[in-house]
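K.L.:
I have a structure here, written as structure tokens, and I will follow up with some questions on it.
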Amino acid sequence: LKYSFGAVLTCSDVATDILIATSYYQQRQFLWFSFCVAFAVLPSSMLTLAYFLQRCKQETAITLVKRFLLFANPCGSGFLKIKLLLVCLRNYDDVWSYHGWLVKDEKLLQDYRAEKVYHFVEGLLENMPQIILQIYVTIIQDEKISALQIISISVTFVNLVWVLTLFEFSSFVKEATVTHFTAIIFYNACLIAARGLSIVTFLVAFKWVTSAVLAFHEFVCISIYFYRNHEYFNEKEVWWIACLLMPCYVFVYLGFKVKDLNSKLFDIKLGRSILSSSLFYVCFTTENVVMVSLFFSWTKTSDSRWNQRISEVITVCVIVLSLLGTVIQLGFTFIFFHKSSRVRPNYEQESQGTEQSLHLDNHMGQSGSQITSDDSKYVPHFLQK
């Protein structure tokens with residue numbers, strides 16, 4: 001499901017972006033055309049550059065050409081998903097077995113990591129700005145909203161929800177269920193829709209003041225991230241991951257505390273509490289309400305062409321979606337991250353568990369030196385103070 005649905009979304013998103021860019025060009029809207037094309041090719045360009053900087057001295061010329069053809073096109077993420085889907089289908093019994101499938105092929109591991117990074121960067125650099133651009137254009141244009149614009153916005157929105165939901169789902173320390181996954185999709189859809197509308201409406205009314213608001217929001221998030229992970233100042237991977245994570249906090253909250261990190265497989269585990277989530281979403285909802293309220297006031301005083309009924313509907317939608325998404329997210333956080341306590345502890349089982357843990361620790365201490373650098377990519381990297 002992850003690779004098949006993701007491949008369909010990626011290719012559909014690229015196709016609608018190309019069609020939208022073509023329509024802008026035909027309408028001689030060259031500024032919108034430039035932004036649309038730039039957002040479409042930015043993820044592939046960044047991934048291609050990063051790959052060449054990292055692997056140019058380690059790979060053969062033929063391999064570099066193959067990777068260039070894979071990464072340098074906007075559908076590269078979709079092609080990677082299709083490739084991994086075919087691999088999973090060929091090893092169907094192992095993938096669905098109780099113990100899962102241990103991948104030992106180095107090239108396949110590189111493809112797995114590349115797909116995760118590519119998919120996330122695609123959502124970060126393409127879907128996020130693209131959805132803001134498309135909604136903004138539909139609001140300020142004089143022409144009627146076309147069916148193609150509605151389809152493009154819908155596909156980009158679904159893809160963005162899918163990207164952030166998958167990343168959040170994989171960032172949990174403990175295993176989540178399908179019910180949890182459904183809840184994440186629902187509250188992310190509400191929060192992303194509310195945030196997108198509030199940003200676009202504020203952008204229409206106050207132009208580039210919006211960048212100052214979002215910059216302040218990011219500054220607060222980065223400051224909290226630094227504070228929560230200050231003991232890892234020597235871990236470069238933590239700050240590299242932070243550069244990718246921080247823009248996501250414009251739309252949703254993933255948690256600030258880094259628990260585990262395997263940078264080779266782009267696997268990060270984040271912790272969050274009901275307190276940290278509450279503080280974040282109080283500010284988040286307040287920002288949305290203030291921005292859309294200022295937009296509503298602006299439409300009544302500064303722009304006579306705005307239909308007051310539409311302004312009221314947008315304002316109500318932003319407030320309702322913000323509150324609904326926040327309530328569901330906080331409820332999910334309380335239930336999923338809540339640490340249950342036993343009223344009557346079983347001291348006999350507890351003592352046996354302690355002995356087993358000590359035995360396991362001693363065994364790991366004796367065998368830890370046997371883990372080689374080649375094996376380390378299969379072992380989770382736990383950060384140490």
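Letters A, B, ... mark the chains of the structure tokens in the order given; residue numbers begin at 1 per chain; ligand numbers begin at 1, in order shown.
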Can you pull out every residue from region 160-207 of chain A that DSSP, working from the backbone, puts in alpha helix (DSSP H), and format the result as a PyMOL selection string?
P.N.:
chain A and resi 160-170+178-206
K.L.:
Report as a JSON list (two decimals) with all heavy atoms, in the first residue's frame all protein, DNA and RNA residues lying within 9 Å of Trp32 (chain A), evaluated on only C-alpha atoms, omitting residues in the same chain fewer than 3 positions from it.
P.N.:
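Dumped to out-v3.json:
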[["chain", "number", "residue", "atom", "x", "y", "z"],
["A", 21, "ALA", "N", 1.21, 24.25, -14.98],
["A", 21, "ALA", "CA", 2.26, 25.14, -15.47],
["A", 21, "ALA", "C", 2.03, 25.49, -16.94],
["A", 21, "ALA", "O", 2.24, 26.65, -17.35],
["A", 21, "ALA", "CB", 3.63, 24.48, -15.28],
["A", 24, "TYR", "N", -0.70, 28.12, -17.15],
["A", 24, "TYR", "CA", -0.19, 29.43, -16.77],
["A", 24, "TYR", "C", 0.60, 30.07, -17.92],
["A", 24, "TYR", "O", 0.49, 31.28, -18.17],
["A", 24, "TYR", "CB", 0.70, 29.32, -15.54],
["A", 24, "TYR", "CG", -0.03, 28.99, -14.26],
["A", 24, "TYR", "CD1", 0.63, 28.40, -13.19],
["A", 24, "TYR", "CD2", -1.39, 29.28, -14.11],
["A", 24, "TYR", "CE1", -0.04, 28.09, -12.02],
["A", 24, "TYR", "CE2", -2.06, 28.96, -12.94],
["A", 24, "TYR", "CZ", -1.38, 28.36, -11.90],
["A", 24, "TYR", "OH", -2.04, 28.05, -10.74],
["A", 25, "TYR", "N", 1.38, 29.23, -18.60],
["A", 25, "TYR", "CA", 2.18, 29.74, -19.71],
["A", 25, "TYR", "C", 1.28, 30.21, -20.85],
["A", 25, "TYR", "O", 1.53, 31.26, -21.46],
["A", 25, "TYR", "CB", 3.14, 28.66, -20.20],
["A", 25, "TYR", "CG", 4.10, 29.12, -21.27],
["A", 25, "TYR", "CD1", 5.28, 29.79, -20.92],
["A", 25, "TYR", "CD2", 3.84, 28.89, -22.61],
["A", 25, "TYR", "CE1", 6.16, 30.23, -21.90],
["A", 25, "TYR", "CE2", 4.72, 29.32, -23.60],
["A", 25, "TYR", "CZ", 5.88, 29.99, -23.23],
["A", 25, "TYR", "OH", 6.74, 30.42, -24.19],
["A", 29, "GLN", "N", 0.87, 34.05, -17.77],
["A", 29, "GLN", "CA", 1.14, 34.30, -16.35],
["A", 29, "GLN", "C", 2.51, 33.72, -16.04],
["A", 29, "GLN", "O", 2.64, 32.67, -15.41],
["A", 29, "GLN", "CB", 0.06, 33.67, -15.48],
["A", 29, "GLN", "CG", -1.34, 34.18, -15.73],
["A", 29, "GLN", "CD", -1.52, 35.62, -15.25],
["A", 29, "GLN", "OE1", -0.66, 36.17, -14.54],
["A", 29, "GLN", "NE2", -2.64, 36.23, -15.62],
["A", 35, "PHE", "N", 7.17, 29.89, -10.78],
["A", 35, "PHE", "CA", 7.08, 29.30, -9.44],
["A", 35, "PHE", "C", 6.64, 27.84, -9.53],
["A", 35, "PHE", "O", 7.17, 26.97, -8.81],
["A", 35, "PHE", "CB", 6.10, 30.08, -8.57],
["A", 35, "PHE", "CG", 6.72, 31.28, -7.91],
["A", 35, "PHE", "CD1", 6.27, 32.56, -8.19],
["A", 35, "PHE", "CD2", 7.76, 31.14, -7.00],
["A", 35, "PHE", "CE1", 6.83, 33.67, -7.58],
["A", 35, "PHE", "CE2", 8.34, 32.24, -6.38],
["A", 35, "PHE", "CZ", 7.86, 33.51, -6.67],
["A", 36, "CYS", "N", 5.66, 27.55, -10.35],
["A", 36, "CYS", "CA", 5.14, 26.20, -10.47],
["A", 36, "CYS", "C", 6.21, 25.23, -10.96],
["A", 36, "CYS", "O", 6.38, 24.13, -10.41],
["A", 36, "CYS", "CB", 3.93, 26.20, -11.41],
["A", 36, "CYS", "SG", 3.00, 24.66, -11.42],
["A", 37, "VAL", "N", 6.96, 25.63, -11.98],
["A", 37, "VAL", "CA", 8.02, 24.79, -12.52],
["A", 37, "VAL", "C", 9.15, 24.63, -11.50],
["A", 37, "VAL", "O", 9.69, 23.53, -11.31],
["A", 37, "VAL", "CB", 8.56, 25.37, -13.84],
["A", 37, "VAL", "CG1", 9.80, 24.62, -14.30],
["A", 37, "VAL", "CG2", 7.49, 25.33, -14.92],
["A", 133, "LEU", "N", 0.71, 28.02, -3.39],
["A", 133, "LEU", "CA", 0.67, 28.74, -4.67],
["A", 133, "LEU", "C", -0.66, 28.52, -5.38],
["A", 133, "LEU", "O", -1.29, 29.48, -5.85],
["A", 133, "LEU", "CB", 1.83, 28.28, -5.56],
["A", 133, "LEU", "CG", 1.83, 28.82, -7.00],
["A", 133, "LEU", "CD1", 2.03, 30.33, -7.01],
["A", 133, "LEU", "CD2", 2.90, 28.12, -7.84],
["A", 137, "VAL", "N", -3.45, 31.41, -6.18],
["A", 137, "VAL", "CA", -3.81, 31.79, -7.55],
["A", 137, "VAL", "C", -5.31, 31.72, -7.76],
["A", 137, "VAL", "O", -5.92, 32.60, -8.38],
["A", 137, "VAL", "CB", -3.07, 30.89, -8.56],
["A", 137, "VAL", "CG1", -3.60, 31.13, -9.98],
["A", 137, "VAL", "CG2", -1.58, 31.16, -8.52]]
K.L.:
Pick the closest to Gly123 (chain A) from A:Ser170, A:Asn159, A:Ser211, A:Thr299: which is it, counting only C-alpha atoms?
P.N.:
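Of all the options, A:Asn159 lies closest to Gly123 (chain A).
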K.L.:
Need to verify the contact set: Leu166 (chain A), 9 Å, only C-alpha atoms, exclusion of same-chain residues closer than 5 positions in sequence. Can you return it as an MDAnalysis selection string?
P.N.:
chainID A and resid 2 161 171 181 185
K.L.:
Rounded to one decimal, what separation in Å do you get between CA of Val41 (chain A) and CA of Pro74 (chain A)?
P.N.:
5.7 Å
K.L.:
Would you please work out which residue, of A:Gln329, A:Ser77, A:Thr315, A:Ser34, is nearest to Ala189 (chain A) when using only C-alpha atoms?
P.N.:
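Once distances to Ala189 (chain A) are computed over only C-alpha atoms, the minimum belongs to A:Gln329.
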K.L.:
As a PyMOL selection string, list the residues of region 87-325 of chain A assigned to strand (DSSP E or B) by DSSP on the backbone atoms of this structure.
P.N.:
chain A and resi 257-262+267-271
K.L.:
Generate a file of the selected residues that holds C-alpha atoms, formatted as an mmCIF file, in the first residue's frame.
P.N.:
data_model
loop_
_atom_site.group_PDB
_atom_site.id
_atom_site.type_symbol
_atom_site.label_atom_id
_atom_site.label_comp_id
_atom_site.auth_asym_id
_atom_site.auth_seq_id
_atom_site.Cartn_x
_atom_site.Cartn_y
_atom_site.Cartn_z
ATOM 1 C CA LYS A 257 12.561 15.216 21.636
ATOM 2 C CA VAL A 258 14.816 12.907 19.606
ATOM 3 C CA LYS A 259 14.703 9.396 21.103
ATOM 4 C CA ASP A 260 16.472 7.201 18.534
ATOM 5 C CA LEU A 261 18.149 7.980 15.244
ATOM 6 C CA ASN A 262 19.494 5.868 12.413
ATOM 7 C CA ASP A 267 14.814 6.475 10.625
ATOM 8 C CA ILE A 268 14.083 8.876 13.481
ATOM 9 C CA LYS A 269 12.045 8.305 16.638
ATOM 10 C CA LEU A 270 10.477 11.327 18.323
ATOM 11 C CA GLY A 271 8.854 11.621 21.710
#
K.L.:
Pick the closest to Val238 (chain A) from A:Val282, A:Leu294, A:Phe266, A:Gly6: which is it, counting only C-alpha atoms?
P.N.:
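For Val238 (chain A), the nearest of the given residues is A:Phe266.
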K.L.:
Using only C-alpha atoms for the distances, tell me which of A:Cys88, A:Cys11, A:Ile184, A:Leu42 is nearest to Phe169 (chain A).
P.N.:
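Counting only C-alpha atoms, the residue closest to Phe169 (chain A) is A:Ile184.
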K.L.:
Please, what distance in Å, to one decimal, runs between CA of Asp13 (chain A) and CA of Val87 (chain A)?
P.N.:
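CA of Val87 (chain A) lies at a distance of 23.7 Å from CA of Asp13 (chain A).
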K.L.:
Report the distance between CA of Ile314 (chain A) and CA of Leu197 (chain A) in Å, rounded to one decimal place.
P.N.:
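Rounded to one decimal, the two atoms are 7.5 Å apart.
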K.L.:
Out of A:Gly325, A:Pro247, A:Pro43, A:Gly331, which residue has the shortest atom-to-atom distance to Ala194 (chain A) when counting only C-alpha atoms?
P.N.:
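When distances to Ala194 (chain A) are compared using only C-alpha atoms, the smallest one comes from A:Gly325.
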K.L.:
Show me, as a list of chain:residue names, the residues that have an atom within 9 Å of Val155 (chain A) when counting only C-alpha atoms, minus same-chain residues fewer than 4 positions from it.
P.N.:
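Result of the neighbour search: A:Leu9, A:Thr10, A:Ser12, A:Asp13, A:Thr16, A:Ile150, A:Ile151, A:Asn159, A:Leu160.
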K.L.:
If you keep C-alpha atoms, can you produce a file of those selected residues as a PDB file, in the first residue's frame?
P.N.:
ATOM      1  CA  LEU A   9       0.069   9.970  -5.892  1.00  0.00           C
ATOM      2  CA  THR A  10       3.555  11.077  -6.934  1.00  0.00           C
ATOM      3  CA  SER A  12      -0.457  12.140 -10.533  1.00  0.00           C
ATOM      4  CA  ASP A  13       0.933  15.130  -8.659  1.00  0.00           C
ATOM      5  CA  THR A  16      -1.154  17.889 -12.695  1.00  0.00           C
ATOM      6  CA  ILE A 150      -9.329  21.803  -8.270  1.00  0.00           C
ATOM      7  CA  ILE A 151      -7.811  18.438  -9.242  1.00  0.00           C
ATOM      8  CA  ASN A 159       0.006  13.783  -1.199  1.00  0.00           C
ATOM      9  CA  LEU A 160       1.065  16.219   1.542  1.00  0.00           C
TER      10      LEU A 160
END
K.L.:
Using only C-alpha atoms, pick whichever of A:Leu19, A:Cys75, A:Met246, A:Leu31 has the shortest atom-to-atom distance to Ala215 (chain A).
P.N.:
A:Met246
K.L.:
Mind checking which residues fall within 9 Å of region 286-290 of chain A, counting only C-alpha atoms, ignoring those fewer than 5 positions away in the same chain, and posting them as a ChimeraX atom specification?
P.N.:
/A:194-195,197-199,213,281,295,315,318-319,322
K.L.:
Store the residues of this selection in a file with N, CA and C atoms, as a short mmCIF file (atom, residue, chain, number, x, y, z; two decimals), in the first residue's frame.
P.N.:
data_model
loop_
_atom_site.label_atom_id
_atom_site.label_comp_id
_atom_site.auth_asym_id
_atom_site.auth_seq_id
_atom_site.Cartn_x
_atom_site.Cartn_y
_atom_site.Cartn_z
N ALA A 194 -6.61 23.63 7.47
CA ALA A 194 -6.78 24.88 8.21
C ALA A 194 -5.56 25.78 8.07
N ARG A 195 -4.38 25.19 8.16
CA ARG A 195 -3.16 25.98 8.06
C ARG A 195 -2.98 26.56 6.67
N LEU A 197 -5.31 27.27 4.42
CA LEU A 197 -6.27 28.36 4.20
C LEU A 197 -5.88 29.63 4.95
N SER A 198 -5.44 29.48 6.20
CA SER A 198 -5.07 30.66 6.98
C SER A 198 -3.85 31.36 6.39
N ILE A 199 -2.85 30.59 5.93
CA ILE A 199 -1.66 31.19 5.33
C ILE A 199 -2.01 31.92 4.04
N VAL A 213 5.50 36.25 9.96
CA VAL A 213 4.75 35.42 10.91
C VAL A 213 5.28 34.00 10.92
N TYR A 281 -0.18 23.47 20.07
CA TYR A 281 -1.43 23.69 19.36
C TYR A 281 -2.25 24.85 19.90
N PHE A 295 -7.76 38.68 8.03
CA PHE A 295 -8.20 38.61 6.64
C PHE A 295 -9.68 38.99 6.52
N THR A 315 -13.47 31.78 7.05
CA THR A 315 -13.12 32.03 8.46
C THR A 315 -13.63 30.92 9.36
N VAL A 318 -11.64 27.61 8.80
CA VAL A 318 -10.31 27.61 9.44
C VAL A 318 -10.43 27.37 10.94
N ILE A 319 -11.36 28.05 11.58
CA ILE A 319 -11.52 27.90 13.04
C ILE A 319 -11.97 26.49 13.40
N SER A 322 -9.21 23.87 12.63
CA SER A 322 -8.11 24.00 13.60
C SER A 322 -8.48 23.36 14.93
#
